[in-house]
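Raw contents of target.cif, mmCIF, C-alpha atoms:
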data_input
loop_
_atom_site.label_atom_id
_atom_site.label_comp_id
_atom_site.auth_asym_id
_atom_site.auth_seq_id
_atom_site.Cartn_x
_atom_site.Cartn_y
_atom_site.Cartn_z
CA MET A 1 0.88 72.11 -45.62
CA THR A 2 -2.36 72.59 -47.59
CA TRP A 3 -1.11 69.97 -50.06
CA ALA A 4 -0.78 67.38 -47.26
CA VAL A 5 -4.15 68.24 -45.71
CA VAL A 6 -5.97 67.91 -49.04
CA PHE A 7 -4.32 64.56 -49.66
CA PHE A 8 -5.15 63.32 -46.16
CA GLY A 9 -8.83 64.14 -46.68
CA ALA A 10 -8.89 62.26 -49.98
CA ALA A 11 -6.92 59.36 -48.46
CA VAL A 12 -9.40 59.00 -45.59
CA LEU A 13 -12.29 58.71 -48.06
CA VAL A 14 -10.42 56.01 -50.00
CA ALA A 15 -9.33 54.18 -46.85
CA PHE A 16 -12.87 54.01 -45.45
CA THR A 17 -14.20 52.43 -48.65
CA PRO A 18 -15.36 48.88 -47.80
CA GLY A 19 -12.91 46.33 -49.11
CA ALA A 20 -11.37 42.97 -48.31
CA ASN A 21 -9.02 44.27 -45.60
CA ASN A 22 -11.63 46.45 -43.91
CA LEU A 23 -14.06 43.54 -43.97
CA LEU A 24 -11.44 41.28 -42.40
CA GLY A 25 -10.74 43.94 -39.78
CA LEU A 26 -14.43 44.09 -38.90
CA HIS A 27 -14.59 40.29 -38.76
CA HIS A 28 -11.49 39.99 -36.56
CA GLY A 29 -12.81 42.68 -34.22
CA MET A 30 -16.06 40.72 -33.86
CA THR A 31 -14.52 37.30 -33.39
CA GLN A 32 -11.10 37.94 -31.81
CA GLY A 33 -11.42 41.32 -30.12
CA ALA A 34 -9.89 44.74 -30.61
CA TRP A 35 -6.27 43.92 -29.76
CA LYS A 36 -5.94 41.02 -32.18
CA GLY A 37 -7.82 43.05 -34.78
CA LEU A 38 -5.21 45.78 -34.39
CA ALA A 39 -2.48 43.16 -34.83
CA GLY A 40 -4.09 42.34 -38.17
CA LEU A 41 -4.13 46.04 -39.03
CA LEU A 42 -0.38 46.18 -38.42
CA GLY A 43 0.03 43.37 -40.94
CA ARG A 44 -1.98 45.40 -43.46
CA LEU A 45 0.12 48.52 -42.83
CA ALA A 46 3.31 46.49 -43.22
CA ALA A 47 2.12 45.33 -46.65
CA PHE A 48 1.28 48.89 -47.66
CA THR A 49 4.72 50.03 -46.50
CA VAL A 50 6.26 47.44 -48.82
CA LEU A 51 4.10 48.73 -51.69
CA ILE A 52 5.02 52.35 -50.99
CA THR A 53 8.72 51.46 -50.97
CA ALA A 54 8.33 49.52 -54.21
CA VAL A 55 6.52 52.40 -55.94
CA ALA A 56 9.24 54.82 -54.83
CA ALA A 57 11.75 52.42 -56.37
CA GLY A 58 9.88 52.30 -59.70
CA LEU A 59 7.17 49.63 -59.34
CA GLY A 60 4.56 51.91 -60.93
CA GLN A 61 6.47 52.15 -64.20
CA LEU A 62 7.12 48.40 -64.19
CA LEU A 63 3.45 47.50 -63.74
CA ALA A 64 2.37 50.03 -66.35
CA ALA A 65 4.66 48.33 -68.84
CA SER A 66 3.85 44.73 -67.91
CA GLU A 67 0.37 43.34 -68.48
CA LEU A 68 1.64 39.94 -67.32
CA ALA A 69 2.65 41.33 -63.91
CA LEU A 70 -0.79 42.89 -63.42
CA THR A 71 -2.46 39.64 -64.45
CA VAL A 72 -0.38 37.56 -62.03
CA ILE A 73 -1.14 39.95 -59.15
CA LYS A 74 -4.83 39.96 -60.03
CA TRP A 75 -5.20 36.17 -60.01
CA ALA A 76 -3.11 35.81 -56.86
CA GLY A 77 -5.58 38.17 -55.19
CA VAL A 78 -8.56 36.23 -56.55
CA ALA A 79 -7.14 32.92 -55.34
CA TYR A 80 -6.45 34.20 -51.83
CA LEU A 81 -9.88 35.80 -51.45
CA VAL A 82 -11.49 32.54 -52.57
CA TRP A 83 -9.34 30.63 -50.07
CA ILE A 84 -10.24 32.89 -47.15
CA GLY A 85 -13.94 33.19 -48.04
CA GLY A 86 -14.26 29.46 -48.71
CA ARG A 87 -12.59 28.47 -45.45
CA LEU A 88 -14.77 30.88 -43.51
CA LEU A 89 -17.94 29.49 -45.06
CA TRP A 90 -16.81 25.91 -44.52
CA SER A 91 -16.06 26.57 -40.86
CA THR A 92 -19.62 27.86 -40.27
CA PHE A 93 -21.23 24.75 -41.75
CA HIS A 94 -18.75 22.49 -40.01
CA ALA A 95 -19.51 23.92 -36.56
CA GLY A 96 -23.21 23.13 -36.75
CA ARG A 97 -24.27 24.16 -33.22
CA THR A 98 -26.64 26.99 -32.30
CA SER A 99 -26.74 27.23 -28.51
CA LEU A 100 -26.63 30.66 -26.90
CA VAL A 101 -23.13 31.50 -25.73
CA GLN A 102 -20.94 34.52 -25.58
CA ALA A 103 -19.03 35.22 -28.79
CA PRO A 104 -15.60 34.56 -27.24
CA ARG A 105 -16.64 30.99 -26.35
CA GLY A 106 -18.24 30.42 -29.73
CA THR A 107 -15.10 31.33 -31.65
CA GLU A 108 -11.75 29.61 -31.49
CA PRO A 109 -8.93 31.99 -30.54
CA VAL A 110 -6.53 32.70 -33.40
CA PRO A 111 -2.91 33.77 -32.79
CA ALA A 112 -2.32 37.46 -33.48
CA SER A 113 0.57 36.56 -35.78
CA ARG A 114 -1.74 34.51 -38.00
CA ILE A 115 -4.24 37.36 -38.22
CA ALA A 116 -1.47 39.81 -39.12
CA ARG A 117 -0.13 37.42 -41.75
CA LYS A 118 -3.58 36.99 -43.29
CA GLU A 119 -4.13 40.74 -43.59
CA PHE A 120 -0.61 41.19 -44.98
CA VAL A 121 -1.19 38.68 -47.77
CA VAL A 122 -4.64 40.10 -48.61
CA ALA A 123 -3.21 43.62 -48.82
CA ILE A 124 -0.07 42.75 -50.78
CA THR A 125 -2.04 40.77 -53.40
CA ASN A 126 -4.96 43.20 -53.66
CA PRO A 127 -4.84 45.00 -57.06
CA LYS A 128 -6.98 47.78 -55.57
CA ALA A 129 -4.31 48.47 -52.95
CA ILE A 130 -1.61 48.39 -55.62
CA LEU A 131 -3.57 50.88 -57.73
CA ILE A 132 -3.86 53.21 -54.73
CA PHE A 133 -0.08 53.57 -54.64
CA THR A 134 0.59 53.40 -58.38
CA ALA A 135 -2.32 55.54 -59.63
CA PHE A 136 -4.09 57.42 -56.81
CA VAL A 137 -1.15 58.66 -54.75
CA PRO A 138 0.98 59.84 -57.75
CA GLN A 139 -1.85 62.19 -58.76
CA PHE A 140 -0.85 64.38 -55.82
CA ILE A 141 2.81 64.57 -56.81
CA ASP A 142 3.92 68.15 -57.43
CA ALA A 143 7.38 68.99 -58.77
CA ALA A 144 7.44 72.02 -56.47
CA HIS A 145 7.49 69.78 -53.40
CA GLY A 146 10.63 67.78 -54.14
CA SER A 147 11.71 64.56 -55.85
CA PHE A 148 9.28 61.79 -56.80
CA PRO A 149 10.64 59.21 -54.28
CA ALA A 150 10.59 61.75 -51.43
CA GLN A 151 7.00 62.80 -52.17
CA ILE A 152 5.88 59.17 -52.49
CA ALA A 153 7.40 58.49 -49.08
CA ILE A 154 5.63 61.51 -47.52
CA LEU A 155 2.27 60.84 -49.17
CA GLY A 156 2.62 57.15 -48.38
CA ALA A 157 3.12 57.92 -44.69
CA ILE A 158 0.04 60.15 -44.74
CA TYR A 159 -1.97 57.39 -46.40
CA LEU A 160 -0.82 54.90 -43.77
CA LEU A 161 -2.21 57.26 -41.12
CA ALA A 162 -5.53 57.44 -42.97
CA GLU A 163 -5.58 53.65 -43.31
CA PHE A 164 -4.90 53.24 -39.60
CA VAL A 165 -7.82 55.53 -38.74
CA ALA A 166 -10.17 53.65 -41.09
CA GLY A 167 -8.95 50.20 -40.06
CA ALA A 168 -9.18 50.97 -36.35
CA THR A 169 -12.74 52.24 -36.86
CA TYR A 170 -13.83 49.01 -38.56
CA ILE A 171 -12.12 46.94 -35.86
CA GLY A 172 -13.72 49.04 -33.13
CA ALA A 173 -17.14 48.54 -34.69
CA GLY A 174 -16.54 44.79 -34.75
CA ALA A 175 -15.37 44.76 -31.13
CA LEU A 176 -18.49 46.71 -30.16
CA VAL A 177 -20.69 44.10 -31.81
CA LYS A 178 -18.69 41.38 -30.03
CA SER A 179 -19.45 43.02 -26.67
CA LEU A 180 -23.17 42.57 -27.35
CA ARG A 181 -22.71 38.83 -26.74
CA LEU A 182 -24.26 37.53 -29.92
CA SER A 183 -25.58 33.99 -29.96
CA ARG A 184 -23.54 31.33 -31.72
CA ARG A 185 -26.17 31.29 -34.46
CA ALA A 186 -25.86 35.05 -35.00
CA THR A 187 -22.06 34.88 -34.98
CA ARG A 188 -22.14 32.05 -37.49
CA ASN A 189 -24.45 34.05 -39.76
CA VAL A 190 -22.06 37.00 -39.64
CA ASP A 191 -19.19 34.69 -40.58
CA ARG A 192 -21.22 33.31 -43.46
CA GLY A 193 -22.00 36.81 -44.66
CA THR A 194 -18.32 37.71 -44.49
CA GLY A 195 -17.37 34.60 -46.45
CA VAL A 196 -19.99 35.29 -49.13
CA VAL A 197 -18.86 38.90 -49.53
CA LEU A 198 -15.21 37.84 -49.83
CA LEU A 199 -16.14 35.31 -52.50
CA GLY A 200 -18.18 38.01 -54.24
CA MET A 201 -15.17 40.33 -54.21
CA ALA A 202 -13.09 37.53 -55.72
CA GLY A 203 -15.69 37.12 -58.46
CA VAL A 204 -15.77 40.85 -59.24
CA LEU A 205 -11.96 40.95 -59.34
CA ALA A 206 -11.84 37.89 -61.61
CA ALA A 207 -14.36 39.44 -64.01
CA SER A 208 -12.57 42.78 -64.16
CA SER A 209 -10.12 43.62 -66.90
CA SER A 210 -6.43 43.40 -65.97
#
Let me see whether you can do it: turn the structure in this file into structure tokens.
Amino acid sequence: MTWAVVFFGAAVLVAFTPGANNLLGLHHGMTQGAWKGLAGLLGRLAAFTVLITAVAAGLGQLLAASELALTVIKWAGVAYLVWIGGRLLWSTFHAGRTSLVQAPRGTEPVPASRIARKEFVVAITNPKAILIFTAFVPQFIDAAHGSFPAQIAILGAIYLLAEFVAGATYIGAGALVKSLRLSRRATRNVDRGTGVVLLGMAGVLAASSS
């Protein structure tokens, strides 16, 4: 029991760390509302479930032995972050109007399925997320608590709970900002900031060693 509690505390700290998915959750909460933001969070959790299953099946050993696999994952993540950040920036310059309106009118509604798909792809191609399940989680494996796959499954489920708490908090913060009825100009500036940060994350990832 203590083992699980200690891991949950550490997982919460990791999950709350600002990253591409948390930033997207905040953005979707601000522009699309809490419910669609939570749909995106489900996409993220689905991707993490895939990663947990893959690690339990031996993905960690495969990645440790294959520099090519890590490189491919890294550049796929870079490309997708550039795509999302670039599109977001382009949309803000393309809109070009600054009249005062409520945020819901100033932002085109996006289907929940598209938001979930976007978060899924960001999570599944994010080397940081992969490292969480191939390097961070295994540190808490203890032979006294059962087999490796069983412990990965248990710890993975605990991490998913921590990720849900963190993701829902970011989305809630975004929804709260949305309720303040920002002007179109302010909303556009937030979108630009989000796009710039995503591009910056892509640059940091591209410059990092594989």
Would you pick out the contacts of Ala157 (chain A) at 9 Å or less, using all atoms listed in the file, so that residues sharing its chain but fewer than 4 positions from it are not included, and give the list as number ranges by chain? A: 49, 52, 152-153, 161-162
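Between CA of His27 (chain A) and CA of Ala11 (chain A) there is a distance of 22.7 Å.
Here CA of Val72 (chain A) and CA of Ala47 (chain A) stand 17.4 Å from one another.
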From A:Leu24, A:Ala46, A:Leu41, A:Val78, residue lying nearest Val204 (chain A) [all atoms listed in the file]: A:Val78
Evaluate the PyMOL selection byres ((chain A and resi 167-180) around 9) on the structure here and hand back the selected residues as a ChimeraX atom specification. /A:15-16,21-35,37-38,41,102-104,162-166,181-182,187
Under the rule that only C-alpha atoms are counted, which of A:Pro127, A:Phe136, A:Thr53, A:Gly43 is the nearest residue to Trp75 (chain A)? A:Pro127
Quick check, in Å to one decimal: how far apart do CA of Thr17 (chain A) and CA of Lys128 (chain A) lie?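 For CA of Thr17 (chain A) relative to CA of Lys128 (chain A), the distance reads 11.0 Å.
Nearest residue to Gly203 (chain A), choosing from A:Leu160, A:Ala79, A:Ala150, A:Ile141 and counting all atoms listed in the file: A:Ala79.
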Fewer than 4 positions away in the same chain doesn't count, so skip those; otherwise give me all residues within 10 Å of Trp3 (chain A), counting all atoms listed in the file, as a list of chain:residue names.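 My list of contacting residues is A:Phe7, A:Phe8, A:Phe140, A:Ile141, A:Asp142, A:His145, A:Leu155.
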Near-Ala56 (chain A) list (10 Å; only C-alpha atoms; drop same-chain fewer than 2 positions) as an NGL selection string: :A and (50-54 or 58-60 or 133-134 or 148-153 or 156)
Selection in question (the file shown): the PyMOL selection byres ((chain A and resi 116-118) around 8). Which residues does it include, as a list in words?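 Those residues are Ala39, Gly40, Leu41, Leu42, Gly43, Arg44, Ala112, Ser113, Arg114, Ile115, Glu119, Phe120, Val121 and Val122 of chain A.
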Could you rebuild region 154-165 of chain A with all heavy atoms and give me the result as a CSV table (one decimal), in the frame of the given file?
chain,number,residue,atom,x,y,z
A,154,ILE,N,6.4,60.6,-48.4
A,154,ILE,CA,5.6,61.5,-47.5
A,154,ILE,C,4.1,61.2,-47.7
A,154,ILE,O,3.4,61.0,-46.7
A,154,ILE,CB,5.9,63.0,-47.9
A,154,ILE,CG1,7.3,63.4,-47.5
A,154,ILE,CG2,4.9,63.9,-47.1
A,154,ILE,CD1,7.8,64.7,-48.0
A,155,LEU,N,3.7,61.1,-48.9
A,155,LEU,CA,2.3,60.8,-49.2
A,155,LEU,C,1.9,59.4,-48.7
A,155,LEU,O,0.8,59.2,-48.2
A,155,LEU,CB,2.0,61.0,-50.7
A,155,LEU,CG,2.1,62.4,-51.2
A,155,LEU,CD1,1.8,62.4,-52.7
A,155,LEU,CD2,1.0,63.3,-50.6
A,156,GLY,N,2.9,58.5,-48.9
A,156,GLY,CA,2.6,57.2,-48.4
A,156,GLY,C,2.4,57.1,-46.9
A,156,GLY,O,1.5,56.4,-46.4
A,157,ALA,N,3.3,57.9,-46.1
A,157,ALA,CA,3.1,57.9,-44.7
A,157,ALA,C,1.8,58.5,-44.3
A,157,ALA,O,1.1,58.1,-43.3
A,157,ALA,CB,4.3,58.7,-44.1
A,158,ILE,N,1.3,59.5,-45.0
A,158,ILE,CA,0.0,60.2,-44.7
A,158,ILE,C,-1.1,59.1,-45.0
A,158,ILE,O,-2.0,59.0,-44.2
A,158,ILE,CB,-0.2,61.4,-45.6
A,158,ILE,CG1,0.8,62.5,-45.2
A,158,ILE,CG2,-1.6,62.0,-45.5
A,158,ILE,CD1,0.8,63.7,-46.1
A,159,TYR,N,-0.9,58.4,-46.1
A,159,TYR,CA,-2.0,57.4,-46.4
A,159,TYR,C,-2.0,56.3,-45.3
A,159,TYR,O,-3.1,55.8,-45.0
A,159,TYR,CB,-1.8,56.8,-47.8
A,159,TYR,CG,-2.9,55.9,-48.1
A,159,TYR,CD1,-4.1,56.4,-48.7
A,159,TYR,CD2,-2.9,54.5,-47.8
A,159,TYR,CE1,-5.2,55.6,-49.0
A,159,TYR,CE2,-4.0,53.7,-48.0
A,159,TYR,CZ,-5.1,54.2,-48.6
A,159,TYR,OH,-6.2,53.4,-48.8
A,160,LEU,N,-0.9,55.9,-44.8
A,160,LEU,CA,-0.8,54.9,-43.8
A,160,LEU,C,-1.6,55.4,-42.5
A,160,LEU,O,-2.3,54.6,-41.9
A,160,LEU,CB,0.6,54.6,-43.4
A,160,LEU,CG,1.4,53.8,-44.4
A,160,LEU,CD1,2.9,53.6,-43.9
A,160,LEU,CD2,0.8,52.5,-44.8
A,161,LEU,N,-1.5,56.7,-42.2
A,161,LEU,CA,-2.2,57.3,-41.1
A,161,LEU,C,-3.7,57.2,-41.4
A,161,LEU,O,-4.5,56.8,-40.5
A,161,LEU,CB,-1.8,58.7,-40.9
A,161,LEU,CG,-2.6,59.5,-39.8
A,161,LEU,CD1,-2.4,58.8,-38.5
A,161,LEU,CD2,-2.1,60.9,-39.7
A,162,ALA,N,-4.1,57.5,-42.6
A,162,ALA,CA,-5.5,57.4,-43.0
A,162,ALA,C,-6.0,56.0,-42.9
A,162,ALA,O,-7.1,55.7,-42.4
A,162,ALA,CB,-5.7,58.0,-44.4
A,163,GLU,N,-5.2,55.1,-43.3
A,163,GLU,CA,-5.6,53.6,-43.3
A,163,GLU,C,-5.7,53.2,-41.9
A,163,GLU,O,-6.6,52.3,-41.6
A,163,GLU,CB,-4.6,52.8,-44.1
A,163,GLU,CG,-4.9,51.4,-44.3
A,163,GLU,CD,-6.1,51.2,-45.3
A,163,GLU,OE1,-6.2,52.0,-46.2
A,163,GLU,OE2,-6.8,50.2,-45.1
A,164,PHE,N,-4.8,53.6,-41.0
A,164,PHE,CA,-4.9,53.2,-39.6
A,164,PHE,C,-6.2,53.7,-39.0
A,164,PHE,O,-6.9,53.0,-38.2
A,164,PHE,CB,-3.7,53.8,-38.8
A,164,PHE,CG,-3.8,53.5,-37.4
A,164,PHE,CD1,-3.3,52.3,-36.9
A,164,PHE,CD2,-4.3,54.4,-36.4
A,164,PHE,CE1,-3.4,52.0,-35.5
A,164,PHE,CE2,-4.4,54.1,-35.1
A,164,PHE,CZ,-3.9,52.9,-34.6
A,165,VAL,N,-6.6,55.0,-39.3
A,165,VAL,CA,-7.8,55.5,-38.7
A,165,VAL,C,-9.0,54.7,-39.2
A,165,VAL,O,-9.9,54.3,-38.4
A,165,VAL,CB,-8.0,57.0,-39.2
A,165,VAL,CG1,-9.4,57.5,-38.8
A,165,VAL,CG2,-6.9,57.9,-38.5
